Amino acid sequence: MNDNKDNTPDWQFVAAQLRQPNGEFATEIGQRMNVSNLQIHQFTFDELQLHPDLEILEIGMGNGHFVKELFNLNPDLTYTGIDYSKEMVEASKTINSDLCEQNKATFLHCAIDELPFSEPIYDRIFTINTLYFWSDPDVTLSNIQRLLKPNGYLTIAIRPKHIMEHHPFTAFGFTLYSREDACRLLEKNGFNIVSVTEKKETGSSGITDEVLTFESLIITAEKHSI
């Protein structure tokens, strides 16, 4: 992932791989994201308010490394993870083969608008570090509304704009959001903000060999009741 001449990372390539890990570097990217995203996953899981018999959808689960932790928190869940990286979906199935065999976890290679359900089926939908890449957030949130049960919860976790704008890879295909930007987006699309959590991350190692500083911004919003 480095330029051969001066060992400088190819930031455009890094950004593209973060968006959709693929090819020979997909496995390495997935593993690096597991390291850099450890704390934001922990913080997000704390906000999900898990209880038995929930139907959960995760948008962009990467290689599925953290899925088992959800079931450690509450074993009586039904989980679906979607990702448009074929490599990440296959890795998720391998890492979580036991959960797949028990029909507790399903991993699909698709975008959210490709899920075929016409009725709302999910109690919780969450996504970590994908909002930057949504080409049309209003359409994505409309699909989330379609799939989320009345009074269901959407949790979005990102690194806020004031942090991400200092990292060179975000110049390539990232849309950055402040706390206020993200809340306005959700409210505009029919969600009531339930909670906003901001936490410092310590010792985060980045997607390259450099050590980067991150903060977590986690917003939980409720779908309007019908």
# chains A, B, ... in the order shown; residues from 1 in each chain; ligands from 1
>>> residues_around(residues="Leu147 (chain A)", least_positions_apart="3", cutoff="6 Å", atoms="only C-alpha atoms", output="ChimeraX atom specification")
/A:120-121,144
>>> residues_around(residues="region 167-177 of chain A", least_positions_apart="3", cutoff="9 Å", atoms="only C-alpha atoms", output="ChimeraX atom specification")
/A:10-16,19,131-135,158-164,180-182,212
>>> closest_residue(among="A:Lys199, A:Leu141, A:Phe126, A:Leu38", to="Leu185 (chain A)", atoms="only C-alpha atoms")
A:Leu141
>>> residues_around(residues="region 67-84 of chain A", least_positions_apart="2", cutoff="7 Å", atoms="only C-alpha atoms", output="VMD selection string")
chain A and resid 20 50 to 62 64 to 65 86 89 104 to 111
>>> closest_residue(among="A:Asn63, A:Asn96, A:Thr220, A:Thr27", to="Phe45 (chain A)", atoms="only C-alpha atoms")
A:Thr220
>>> closest_residue(among="A:Glu201, A:Glu165, A:Asp209, A:Asp46", to="Ile29 (chain A)", atoms="only C-alpha atoms")
A:Asp209
>>> closest_residue(among="A:Glu222, A:Glu28, A:Glu114, A:Asp136", to="Gly152 (chain A)", atoms="only C-alpha atoms")
A:Glu222
>>> select_by_dssp(residues="region 52-205 of chain A", states="strand (DSSP E)", output="ChimeraX atom specification")
/A:54-59,77-83,105-109,122-128,148-158,191-200
>>> write_last_selection(atoms="N, CA and C atoms", output="short mmCIF file (atom, residue, chain, number, x, y, z; two decimals), in the first residue's frame")
data_model
loop_
_atom_site.label_atom_id
_atom_site.label_comp_id
_atom_site.auth_asym_id
_atom_site.auth_seq_id
_atom_site.Cartn_x
_atom_site.Cartn_y
_atom_site.Cartn_z
N LEU A 54 -33.99 -10.10 19.32
CA LEU A 54 -33.90 -8.98 18.39
C LEU A 54 -33.44 -9.46 17.02
N GLU A 55 -34.00 -8.86 15.98
CA GLU A 55 -33.52 -9.03 14.61
C GLU A 55 -32.63 -7.84 14.30
N ILE A 56 -31.35 -8.11 13.98
CA ILE A 56 -30.37 -7.05 13.81
C ILE A 56 -29.79 -7.09 12.40
N LEU A 57 -29.64 -5.92 11.81
CA LEU A 57 -28.96 -5.77 10.53
C LEU A 57 -27.76 -4.86 10.71
N GLU A 58 -26.60 -5.31 10.24
CA GLU A 58 -25.41 -4.46 10.19
C GLU A 58 -25.08 -4.15 8.74
N ILE A 59 -24.89 -2.88 8.45
CA ILE A 59 -24.50 -2.44 7.12
C ILE A 59 -22.99 -2.27 7.10
N LEU A 77 -29.92 -13.58 19.61
CA LEU A 77 -30.14 -12.59 18.55
C LEU A 77 -30.23 -13.30 17.21
N THR A 78 -30.79 -12.62 16.24
CA THR A 78 -30.68 -13.03 14.85
C THR A 78 -30.03 -11.89 14.10
N TYR A 79 -28.91 -12.18 13.43
CA TYR A 79 -28.06 -11.16 12.85
C TYR A 79 -27.93 -11.35 11.34
N THR A 80 -28.03 -10.25 10.61
CA THR A 80 -27.71 -10.23 9.19
C THR A 80 -26.67 -9.15 8.95
N GLY A 81 -25.61 -9.49 8.24
CA GLY A 81 -24.60 -8.51 7.84
C GLY A 81 -24.54 -8.41 6.33
N ILE A 82 -24.50 -7.18 5.82
CA ILE A 82 -24.38 -6.98 4.37
C ILE A 82 -23.15 -6.14 4.08
N ASP A 83 -22.54 -6.41 2.95
CA ASP A 83 -21.35 -5.67 2.54
C ASP A 83 -21.23 -5.79 1.03
N ALA A 105 -26.60 -16.25 12.22
CA ALA A 105 -25.98 -15.17 11.45
C ALA A 105 -26.03 -15.48 9.97
N THR A 106 -26.31 -14.45 9.18
CA THR A 106 -26.35 -14.55 7.73
C THR A 106 -25.54 -13.39 7.16
N PHE A 107 -24.74 -13.66 6.14
CA PHE A 107 -23.92 -12.62 5.51
C PHE A 107 -24.23 -12.58 4.02
N LEU A 108 -24.54 -11.38 3.53
CA LEU A 108 -24.98 -11.21 2.14
C LEU A 108 -24.11 -10.21 1.41
N HIS A 109 -23.80 -10.52 0.17
CA HIS A 109 -23.04 -9.62 -0.69
C HIS A 109 -24.03 -8.74 -1.44
N TYR A 122 -36.50 -5.57 10.92
CA TYR A 122 -35.39 -5.42 11.85
C TYR A 122 -35.76 -4.52 13.04
N ASP A 123 -35.32 -4.96 14.23
CA ASP A 123 -35.48 -4.16 15.44
C ASP A 123 -34.36 -3.14 15.60
N ARG A 124 -33.18 -3.52 15.16
CA ARG A 124 -32.01 -2.67 15.23
C ARG A 124 -31.27 -2.73 13.89
N ILE A 125 -30.87 -1.58 13.41
CA ILE A 125 -29.95 -1.50 12.27
C ILE A 125 -28.79 -0.64 12.72
N PHE A 126 -27.58 -1.11 12.48
CA PHE A 126 -26.42 -0.28 12.84
C PHE A 126 -25.35 -0.37 11.77
N THR A 127 -24.51 0.64 11.78
CA THR A 127 -23.42 0.70 10.81
C THR A 127 -22.28 1.49 11.40
N ILE A 128 -21.07 1.03 11.15
CA ILE A 128 -19.87 1.63 11.71
C ILE A 128 -18.93 2.02 10.56
N LEU A 148 -36.82 -1.10 8.88
CA LEU A 148 -36.81 -0.98 10.33
C LEU A 148 -38.24 -0.99 10.87
N LYS A 149 -38.46 -1.78 11.89
CA LYS A 149 -39.79 -1.85 12.51
C LYS A 149 -40.17 -0.51 13.13
N PRO A 150 -41.45 -0.22 13.26
CA PRO A 150 -41.86 1.00 13.96
C PRO A 150 -41.23 1.05 15.34
N ASN A 151 -40.73 2.22 15.68
CA ASN A 151 -40.02 2.43 16.95
C ASN A 151 -38.71 1.63 17.04
N GLY A 152 -38.25 1.12 15.90
CA GLY A 152 -36.94 0.48 15.87
C GLY A 152 -35.83 1.53 15.91
N TYR A 153 -34.62 1.06 16.17
CA TYR A 153 -33.50 1.98 16.35
C TYR A 153 -32.43 1.81 15.28
N LEU A 154 -31.93 2.94 14.80
CA LEU A 154 -30.78 3.00 13.92
C LEU A 154 -29.63 3.61 14.69
N THR A 155 -28.47 2.94 14.68
CA THR A 155 -27.27 3.47 15.31
C THR A 155 -26.20 3.65 14.24
N ILE A 156 -25.70 4.86 14.13
CA ILE A 156 -24.64 5.18 13.18
C ILE A 156 -23.41 5.62 13.95
N ALA A 157 -22.29 4.97 13.69
CA ALA A 157 -21.03 5.32 14.34
C ALA A 157 -20.02 5.77 13.28
N ILE A 158 -19.43 6.92 13.52
CA ILE A 158 -18.43 7.46 12.61
C ILE A 158 -17.31 8.11 13.43
N PHE A 191 -36.17 10.44 11.45
CA PHE A 191 -35.70 9.81 12.66
C PHE A 191 -35.69 10.80 13.82
N ASN A 192 -36.00 10.31 15.00
CA ASN A 192 -35.87 11.10 16.22
C ASN A 192 -34.56 10.74 16.91
N ILE A 193 -33.73 11.71 17.19
CA ILE A 193 -32.47 11.46 17.86
C ILE A 193 -32.74 11.02 19.30
N VAL A 194 -32.18 9.88 19.67
CA VAL A 194 -32.36 9.34 21.02
C VAL A 194 -31.14 9.65 21.89
N SER A 195 -29.96 9.46 21.33
CA SER A 195 -28.74 9.71 22.10
C SER A 195 -27.58 10.02 21.16
N VAL A 196 -26.65 10.80 21.67
CA VAL A 196 -25.41 11.11 20.95
C VAL A 196 -24.27 10.89 21.93
N THR A 197 -23.34 10.04 21.55
CA THR A 197 -22.20 9.72 22.41
C THR A 197 -20.91 10.07 21.68
N GLU A 198 -20.04 10.79 22.35
CA GLU A 198 -18.74 11.14 21.80
C GLU A 198 -17.67 10.65 22.77
N LYS A 199 -16.72 9.88 22.24
CA LYS A 199 -15.70 9.30 23.10
C LYS A 199 -14.33 9.39 22.43
N LYS A 200 -13.33 9.66 23.25
CA LYS A 200 -11.95 9.63 22.78
C LYS A 200 -11.51 8.19 22.62
#
>>> select_by_dssp(residues="chain A", states="alpha helix (DSSP H)", output="PyMOL selection string")
chain A and resi 11-19+26-36+38-47+67-73+86-95+97-101+137-147+161-164+179-188
>>> closest_residue(among="A:Ser85, A:Thr44, A:Ser92, A:Asn143", to="Pro21 (chain A)", atoms="only C-alpha atoms")
A:Ser85
>>> closest_residue(among="A:Thr202, A:Ser178, A:Thr8, A:Asn129", to="Phe214 (chain A)", atoms="only C-alpha atoms")
A:Thr202
>>> atom_distance(atom1="CA of Glu210 (chain A)", atom2="CA of Glu90 (chain A)")
28.0 Å
>>> atom_distance(atom1="CA of Glu47 (chain A)", atom2="CA of Ala26 (chain A)")
28.9 Å
>>> atom_distance(atom1="CA of Leu186 (chain A)", atom2="CA of Pro116 (chain A)")
23.2 Å
>>> decode(residues="region 48-109 of chain A", atoms="C-alpha atoms", output="compact mmCIF listing (two decimals), in the first residue's frame")
# COMPACT_ATOMS: atom_id res chain seq x y z
CA LEU A 48 -27.26 -1.03 21.04
CA GLN A 49 -29.35 -1.97 24.09
CA LEU A 50 -29.45 -5.63 23.13
CA HIS A 51 -32.07 -7.96 24.53
CA PRO A 52 -33.25 -11.45 23.47
CA ASP A 53 -35.00 -12.13 20.18
CA LEU A 54 -33.90 -8.98 18.39
CA GLU A 55 -33.52 -9.03 14.61
CA ILE A 56 -30.37 -7.05 13.81
CA LEU A 57 -28.96 -5.77 10.53
CA GLU A 58 -25.41 -4.46 10.19
CA ILE A 59 -24.50 -2.44 7.12
CA GLY A 60 -20.85 -2.97 6.19
CA MET A 61 -19.55 -5.55 8.68
CA GLY A 62 -16.13 -5.91 7.02
CA ASN A 63 -14.67 -9.36 7.66
CA GLY A 64 -17.12 -10.02 10.50
CA HIS A 65 -14.43 -10.10 13.17
CA PHE A 66 -16.64 -8.39 15.78
CA VAL A 67 -19.88 -10.32 15.19
CA LYS A 68 -19.11 -12.95 17.82
CA GLU A 69 -18.85 -10.16 20.40
CA LEU A 70 -22.49 -9.26 19.75
CA PHE A 71 -23.49 -12.82 20.58
CA ASN A 72 -21.26 -12.78 23.66
CA LEU A 73 -23.29 -9.81 24.86
CA ASN A 74 -26.58 -11.54 24.07
CA PRO A 75 -26.72 -15.02 22.52
CA ASP A 76 -30.41 -14.84 21.60
CA LEU A 77 -30.14 -12.59 18.55
CA THR A 78 -30.68 -13.03 14.85
CA TYR A 79 -28.06 -11.16 12.85
CA THR A 80 -27.71 -10.23 9.19
CA GLY A 81 -24.60 -8.51 7.84
CA ILE A 82 -24.38 -6.98 4.37
CA ASP A 83 -21.35 -5.67 2.54
CA TYR A 84 -20.58 -4.86 -1.08
CA SER A 85 -17.12 -6.36 -0.81
CA LYS A 86 -17.35 -9.98 -1.91
CA GLU A 87 -14.08 -10.73 -0.16
CA MET A 88 -15.37 -9.40 3.16
CA VAL A 89 -18.58 -11.41 2.91
CA GLU A 90 -16.65 -14.62 2.29
CA ALA A 91 -14.29 -13.85 5.18
CA SER A 92 -17.27 -13.18 7.46
CA LYS A 93 -18.83 -16.52 6.59
CA THR A 94 -15.57 -18.29 7.40
CA ILE A 95 -14.87 -16.47 10.66
CA ASN A 96 -18.46 -16.99 11.84
CA SER A 97 -19.11 -20.43 10.37
CA ASP A 98 -20.51 -21.75 13.66
CA LEU A 99 -23.07 -18.94 13.87
CA CYS A 100 -24.02 -19.47 10.22
CA GLU A 101 -24.52 -23.21 10.80
CA GLN A 102 -26.82 -22.42 13.73
CA ASN A 103 -28.82 -20.00 11.53
CA LYS A 104 -28.03 -17.19 13.94
CA ALA A 105 -25.98 -15.17 11.45
CA THR A 106 -26.35 -14.55 7.73
CA PHE A 107 -23.92 -12.62 5.51
CA LEU A 108 -24.98 -11.21 2.14
CA HIS A 109 -23.04 -9.62 -0.69
